[in-house]
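A.B. asks: Next comes start_38.pdb, PDB, C-alpha atoms, pLDDT in the B column:
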```pdb
MODEL        1
ATOM      1  CA  MET S  10      -1.467  -2.649 -43.217  1.00 55.00           C
ATOM      2  CA  VAL S  11       1.736  -2.370 -45.250  1.00 58.00           C
ATOM      3  CA  PRO S  12       2.464  -5.606 -47.147  1.00 62.00           C
ATOM      4  CA  ASP S  13       5.804  -7.378 -46.857  1.00 64.00           C
ATOM      5  CA  PHE S  14       6.999  -7.155 -50.466  1.00 63.00           C
ATOM      6  CA  ASN S  15       9.779  -9.694 -49.802  1.00 65.00           C
ATOM      7  CA  LYS S  16       7.275 -12.571 -49.650  1.00 64.00           C
ATOM      8  CA  PRO S  17       6.975 -14.816 -52.744  1.00 59.00           C
ATOM      9  CA  ALA S  18       3.354 -13.721 -53.326  1.00 58.00           C
ATOM     10  CA  PHE S  19       4.724 -10.299 -54.247  1.00 61.00           C
ATOM     11  CA  SER S  20       6.901 -11.600 -57.080  1.00 67.00           C
ATOM     12  CA  PHE S  21       3.952 -10.678 -59.294  1.00 68.00           C
ATOM     13  CA  VAL S  22       1.619  -7.803 -58.358  1.00 76.00           C
ATOM     14  CA  THR S  23      -0.937  -5.800 -60.268  1.00 82.00           C
ATOM     15  CA  LEU S  24      -2.086  -2.220 -59.850  1.00 89.00           C
ATOM     16  CA  CYS S  25      -5.830  -2.098 -60.395  1.00 93.00           C
ATOM     17  CA  SER S  26      -8.892  -0.010 -59.787  1.00 95.00           C
ATOM     18  CA  ILE S  27     -11.819  -1.788 -58.178  1.00 96.00           C
ATOM     19  CA  ARG S  28     -15.327  -0.832 -57.190  1.00 95.00           C
ATOM     20  CA  PHE S  29     -16.719  -2.614 -54.176  1.00 93.00           C
ATOM     21  CA  ASN S  30     -20.419  -3.432 -54.309  1.00 92.00           C
ATOM     22  CA  SER S  31     -22.628  -1.523 -51.907  1.00 89.00           C
ATOM     23  CA  ALA S  32     -24.715  -3.415 -49.344  1.00 87.00           C
ATOM     24  CA  SER S  33     -27.800  -3.073 -51.580  1.00 88.00           C
ATOM     25  CA  GLU S  34     -25.807  -4.682 -54.422  1.00 88.00           C
ATOM     26  CA  GLY S  35     -24.859  -7.668 -52.250  1.00 83.00           C
ATOM     27  CA  GLY S  36     -21.583  -6.267 -50.910  1.00 83.00           C
ATOM     28  CA  HIS S  37     -20.420  -5.679 -47.357  1.00 82.00           C
ATOM     29  CA  SER S  38     -22.596  -3.605 -45.044  1.00 82.00           C
ATOM     30  CA  GLY S  39     -19.602  -2.205 -43.137  1.00 85.00           C
ATOM     31  CA  PRO S  40     -16.092  -1.031 -43.973  1.00 89.00           C
ATOM     32  CA  ILE S  41     -13.681  -3.300 -45.830  1.00 90.00           C
ATOM     33  CA  GLN S  42     -10.088  -3.379 -44.573  1.00 91.00           C
ATOM     34  CA  SER S  43      -6.868  -3.455 -46.568  1.00 91.00           C
ATOM     35  CA  ASP S  44      -5.261  -6.942 -46.703  1.00 88.00           C
ATOM     36  CA  TYR S  45      -8.635  -8.291 -47.814  1.00 91.00           C
ATOM     37  CA  ARG S  46      -8.332 -11.969 -48.762  1.00 91.00           C
ATOM     38  CA  CYS S  47     -10.769 -13.260 -51.353  1.00 93.00           C
ATOM     39  CA  GLN S  48     -11.079 -15.073 -54.681  1.00 93.00           C
ATOM     40  CA  PHE S  49     -10.303 -13.525 -58.052  1.00 92.00           C
ATOM     41  CA  ARG S  50     -12.046 -14.510 -61.291  1.00 92.00           C
ATOM     42  CA  TYR S  51     -11.213 -13.320 -64.771  1.00 92.00           C
ATOM     43  CA  LEU S  52     -14.392 -12.068 -66.454  1.00 91.00           C
ATOM     44  CA  ASP S  53     -13.373 -13.265 -69.908  1.00 80.00           C
ATOM     45  CA  GLU S  54     -13.194 -16.924 -68.846  1.00 66.00           C
ATOM     46  CA  ASP S  55     -16.159 -19.232 -69.282  1.00 64.00           C
ATOM     47  CA  ALA S  56     -15.027 -21.479 -66.453  1.00 60.00           C
ATOM     48  CA  GLN S  57     -15.564 -20.521 -62.844  1.00 72.00           C
ATOM     49  CA  GLN S  58     -11.857 -20.901 -62.029  1.00 84.00           C
ATOM     50  CA  LEU S  59     -11.013 -18.884 -58.926  1.00 88.00           C
ATOM     51  CA  HIS S  60      -7.590 -17.679 -57.788  1.00 88.00           C
ATOM     52  CA  GLU S  61      -6.668 -16.769 -54.213  1.00 90.00           C
ATOM     53  CA  VAL S  62      -5.633 -13.120 -53.884  1.00 90.00           C
ATOM     54  CA  ARG S  63      -4.879 -10.495 -51.273  1.00 89.00           C
ATOM     55  CA  VAL S  64      -6.076  -6.944 -51.881  1.00 91.00           C
ATOM     56  CA  TYR S  65      -4.073  -4.015 -50.481  1.00 91.00           C
ATOM     57  CA  PHE S  66      -5.564  -0.540 -50.701  1.00 92.00           C
ATOM     58  CA  VAL S  67      -3.343   2.250 -52.018  1.00 90.00           C
ATOM     59  CA  GLY S  68      -3.310   5.310 -49.760  1.00 89.00           C
ATOM     60  CA  GLN S  69      -5.959   4.159 -47.291  1.00 91.00           C
ATOM     61  CA  GLN S  70      -6.647   1.427 -44.755  1.00 92.00           C
ATOM     62  CA  SER S  71     -10.365   0.851 -45.325  1.00 92.00           C
ATOM     63  CA  THR S  72     -13.200   1.603 -47.723  1.00 90.00           C
ATOM     64  CA  ASN S  73     -16.955   1.308 -47.911  1.00 86.00           C
ATOM     65  CA  GLY S  74     -19.101  -0.438 -50.482  1.00 86.00           C
ATOM     66  CA  GLY S  75     -19.839   1.654 -53.545  1.00 88.00           C
ATOM     67  CA  ASP S  76     -16.354   3.206 -53.569  1.00 85.00           C
ATOM     68  CA  GLU S  77     -13.902   2.816 -56.452  1.00 91.00           C
ATOM     69  CA  ILE S  78     -10.304   2.768 -55.261  1.00 94.00           C
ATOM     70  CA  PRO S  79      -6.780   1.894 -56.443  1.00 95.00           C
ATOM     71  CA  VAL S  80      -5.410  -1.389 -55.096  1.00 94.00           C
ATOM     72  CA  LEU S  81      -2.484  -3.780 -55.355  1.00 90.00           C
ATOM     73  CA  LEU S  82      -3.351  -7.435 -55.844  1.00 91.00           C
ATOM     74  CA  ALA S  83      -0.959 -10.134 -54.625  1.00 88.00           C
ATOM     75  CA  PHE S  84      -1.808 -13.578 -55.989  1.00 86.00           C
ATOM     76  CA  LEU S  85      -1.145 -16.530 -53.724  1.00 80.00           C
ATOM     77  CA  ASP S  86      -0.695 -18.705 -56.843  1.00 78.00           C
ATOM     78  CA  TRP S  87       1.314 -16.013 -58.622  1.00 77.00           C
ATOM     79  CA  GLU S  88       3.173 -18.342 -61.018  1.00 78.00           C
ATOM     80  CA  LYS S  89      -0.150 -19.284 -62.643  1.00 81.00           C
ATOM     81  CA  GLN S  90      -0.868 -15.624 -63.410  1.00 83.00           C
ATOM     82  CA  ARG S  91       2.240 -14.888 -65.487  1.00 78.00           C
ATOM     83  CA  GLY S  92       1.148 -14.122 -69.019  1.00 80.00           C
ATOM     84  CA  ARG S  93      -2.528 -14.318 -68.044  1.00 84.00           C
ATOM     85  CA  CYS S  94      -3.113 -11.163 -66.036  1.00 87.00           C
ATOM     86  CA  GLN S  95      -2.428  -8.173 -68.314  1.00 90.00           C
ATOM     87  CA  PRO S  96      -3.293  -4.464 -68.417  1.00 93.00           C
ATOM     88  CA  GLY S  97      -6.903  -4.133 -69.541  1.00 94.00           C
ATOM     89  CA  THR S  98      -7.992  -7.412 -67.926  1.00 92.00           C
ATOM     90  CA  LYS S  99     -11.411  -7.204 -66.254  1.00 94.00           C
ATOM     91  CA  PHE S 100     -12.106  -9.279 -63.151  1.00 94.00           C
ATOM     92  CA  GLU S 101     -14.333  -9.742 -60.154  1.00 94.00           C
ATOM     93  CA  LEU S 102     -13.559 -10.390 -56.506  1.00 94.00           C
ATOM     94  CA  ARG S 103     -15.649 -12.985 -54.723  1.00 92.00           C
ATOM     95  CA  GLU S 104     -16.367 -14.505 -51.355  1.00 90.00           C
ATOM     96  CA  SER S 105     -17.684 -17.936 -52.253  1.00 85.00           C
ATOM     97  CA  SER S 106     -20.683 -17.295 -54.542  1.00 85.00           C
ATOM     98  CA  ARG S 107     -21.004 -13.595 -53.604  1.00 89.00           C
ATOM     99  CA  VAL S 108     -19.384 -11.019 -55.910  1.00 91.00           C
ATOM    100  CA  THR S 109     -17.955  -8.265 -53.715  1.00 92.00           C
ATOM    101  CA  ALA S 110     -16.185  -6.086 -56.313  1.00 94.00           C
ATOM    102  CA  LYS S 111     -15.323  -5.670 -59.978  1.00 95.00           C
ATOM    103  CA  GLY S 112     -12.125  -4.214 -61.314  1.00 96.00           C
ATOM    104  CA  LEU S 113      -9.674  -3.503 -64.091  1.00 96.00           C
ATOM    105  CA  VAL S 114      -5.925  -4.206 -64.233  1.00 94.00           C
ATOM    106  CA  HIS S 115      -3.856  -1.107 -65.076  1.00 95.00           C
ATOM    107  CA  SER S 116      -0.292  -2.403 -64.779  1.00 90.00           C
ATOM    108  CA  VAL S 117       1.718  -5.479 -63.798  1.00 87.00           C
ATOM    109  CA  ALA S 118       5.038  -5.604 -61.960  1.00 81.00           C
ATOM    110  CA  MET S 119       7.306  -8.648 -61.654  1.00 74.00           C
ATOM    111  CA  ARG S 120      10.591  -9.095 -59.858  1.00 64.00           C
TER
ENDMDL
END
```
Would you mind giving the structure from this file in structure tokens?

C.D. replies:
Amino acid sequence: MVPDFNKPAFSFVTLCSIRFNSASEGGHSGPIQSDYRCQFRYLDEDAQQLHEVRVYFVGQQSTNGGDEIPVLLAFLDWEKQRGRCQPGTKFELRESSRVTAKGLVHSVAMR
């Protein structure tokens, strides 16, 4: 799926690398599709504050657990991320209490 970069959620996007957990690590047992909607949590925060995010894979439509891939993240609450999400930021992706991936922000783009 190619995202519609004219939507407000794409006013702030990050290029990241993420590694999805394998099924034995508590991740998905089947393929994960681009346009994956989940929660994002900064790893350097003590609080369990979660942010809604969409994950778009770069150069592929799906991936399997255990793979590390480049992605674009589009925050649904993007205004709250300005000044917070920076290159070098470590994070995890979650589905409720289950951690599905961990990643690192490489760059940030704003329009």

A.B. asks: Env of Lys99 (chain S): 12 Å cut, atoms = only C-alpha atoms, seq-sep filter 6 positions within chain, self excluded. Answer as a list in words.

C.D. replies: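 Result of the neighbour search: Cys25, Ser26, Ile27, Arg28, Phe49, Arg50, Tyr51, Leu52, Asp53, Glu54, Arg93, Ala110, Lys111, Gly112, Leu113, Val114 and His115 of chain S.
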
A.B. asks: For Arg63 (chain S), which of S:Glu77, S:Phe29, S:Val22, S:Glu101 is the closest residue, counting only C-alpha atoms?

C.D. replies: S:Val22

A.B. asks: Report, in Å to a single decimal, how far apart CA of Gln58 (chain S) and CA of Ser71 (chain S) are.

C.D. replies: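 Distance between the two atoms: 27.5 Å.
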
A.B. asks: Written as a PyMOL selection string, which residues does the PyMOL selection byres ((chain S and resi 89) around 12) give for the file shown?

C.D. replies: chain S and resi 18+20-21+58-61+84-88+90-94

A.B. asks: Deliver the residues from the most recent selection as a file, using C-alpha atoms, as a PDB file, in the coordinates of the input.

C.D. replies:
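Dumped everything to again04.pdb:
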```
ATOM      1  CA  ALA S  18       3.354 -13.721 -53.326  1.00 58.00           C
ATOM      2  CA  SER S  20       6.901 -11.600 -57.080  1.00 67.00           C
ATOM      3  CA  PHE S  21       3.952 -10.678 -59.294  1.00 68.00           C
ATOM      4  CA  GLN S  58     -11.857 -20.901 -62.029  1.00 84.00           C
ATOM      5  CA  LEU S  59     -11.013 -18.884 -58.926  1.00 88.00           C
ATOM      6  CA  HIS S  60      -7.590 -17.679 -57.788  1.00 88.00           C
ATOM      7  CA  GLU S  61      -6.668 -16.769 -54.213  1.00 90.00           C
ATOM      8  CA  PHE S  84      -1.808 -13.578 -55.989  1.00 86.00           C
ATOM      9  CA  LEU S  85      -1.145 -16.530 -53.724  1.00 80.00           C
ATOM     10  CA  ASP S  86      -0.695 -18.705 -56.843  1.00 78.00           C
ATOM     11  CA  TRP S  87       1.314 -16.013 -58.622  1.00 77.00           C
ATOM     12  CA  GLU S  88       3.173 -18.342 -61.018  1.00 78.00           C
ATOM     13  CA  GLN S  90      -0.868 -15.624 -63.410  1.00 83.00           C
ATOM     14  CA  ARG S  91       2.240 -14.888 -65.487  1.00 78.00           C
ATOM     15  CA  GLY S  92       1.148 -14.122 -69.019  1.00 80.00           C
ATOM     16  CA  ARG S  93      -2.528 -14.318 -68.044  1.00 84.00           C
ATOM     17  CA  CYS S  94      -3.113 -11.163 -66.036  1.00 87.00           C
TER      18      CYS S  94
END
```

A.B. asks: Please identify all polymer residues within 9 Å of Gln70 (chain S), counting all atoms listed in the file, omitting same-chain residues fewer than 6 positions from it, and present them as an mmCIF file with C-alpha atoms, in the coordinates of the input.

C.D. replies:
```cif
data_model
loop_
_atom_site.group_PDB
_atom_site.id
_atom_site.type_symbol
_atom_site.label_atom_id
_atom_site.label_comp_id
_atom_site.auth_asym_id
_atom_site.auth_seq_id
_atom_site.Cartn_x
_atom_site.Cartn_y
_atom_site.Cartn_z
ATOM 1 C CA MET S 10 -1.467 -2.649 -43.217
ATOM 2 C CA ILE S 41 -13.681 -3.300 -45.830
ATOM 3 C CA GLN S 42 -10.088 -3.379 -44.573
ATOM 4 C CA SER S 43 -6.868 -3.455 -46.568
ATOM 5 C CA ASP S 44 -5.261 -6.942 -46.703
#
```

A.B. asks: Enumerate, as an NGL selection string, the residues matched when the PyMOL selection byres ((chain S and resi 79-81) around 6) is run on the file above.

C.D. replies: :S and (23-26 or 64-67 or 78 or 82)

A.B. asks: What are the centre and edge lengths in Å, to one decimal, of the axis-aligned box around all listed atoms of region 30-49 of chain S with 6 Å added on each side, as JSON?

C.D. replies:
```
{"center_x": -16.5, "center_y": -8.1, "center_z": -50.6, "size_x": 34.5, "size_y": 26.0, "size_z": 26.9}
```

A.B. asks: Please, what distance in Å, to one decimal, runs between CA of Ala83 (chain S) and CA of Arg46 (chain S)?

C.D. replies: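 Between CA of Ala83 (chain S) and CA of Arg46 (chain S) the gap works out to 9.6 Å.
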
A.B. asks: Convert the output of the PyMOL selection byres ((chain S and resi 39) around 10) on the shown file into explicit residues, formatted as an MDAnalysis selection string.

C.D. replies: chainID S and resid 31:32 36:38 40:42 71:74

A.B. asks: What is the distance between CA of Tyr45 (chain S) and CA of Ser106 (chain S), in Å to one decimal?

C.D. replies: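 Going from CA of Tyr45 (chain S) over to CA of Ser106 (chain S) covers 16.5 Å.
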
A.B. asks: So which residues are close to (-15.2, -13.1, -54.9), meaning at most 6 Å away in the file's coordinates with all atoms listed in the file counted, and can you show them as a compact mmCIF listing (two decimals) with C-alpha atoms, in the frame of the given file?

C.D. replies:
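As written to disk, out.txt reads:
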```txt
# COMPACT_ATOMS: atom_id res chain seq x y z
CA CYS S 47 -10.77 -13.26 -51.35
CA GLN S 48 -11.08 -15.07 -54.68
CA PHE S 49 -10.30 -13.52 -58.05
CA LEU S 102 -13.56 -10.39 -56.51
CA ARG S 103 -15.65 -12.98 -54.72
CA GLU S 104 -16.37 -14.50 -51.36
CA ARG S 107 -21.00 -13.60 -53.60
CA VAL S 108 -19.38 -11.02 -55.91
CA THR S 109 -17.95 -8.26 -53.72
```
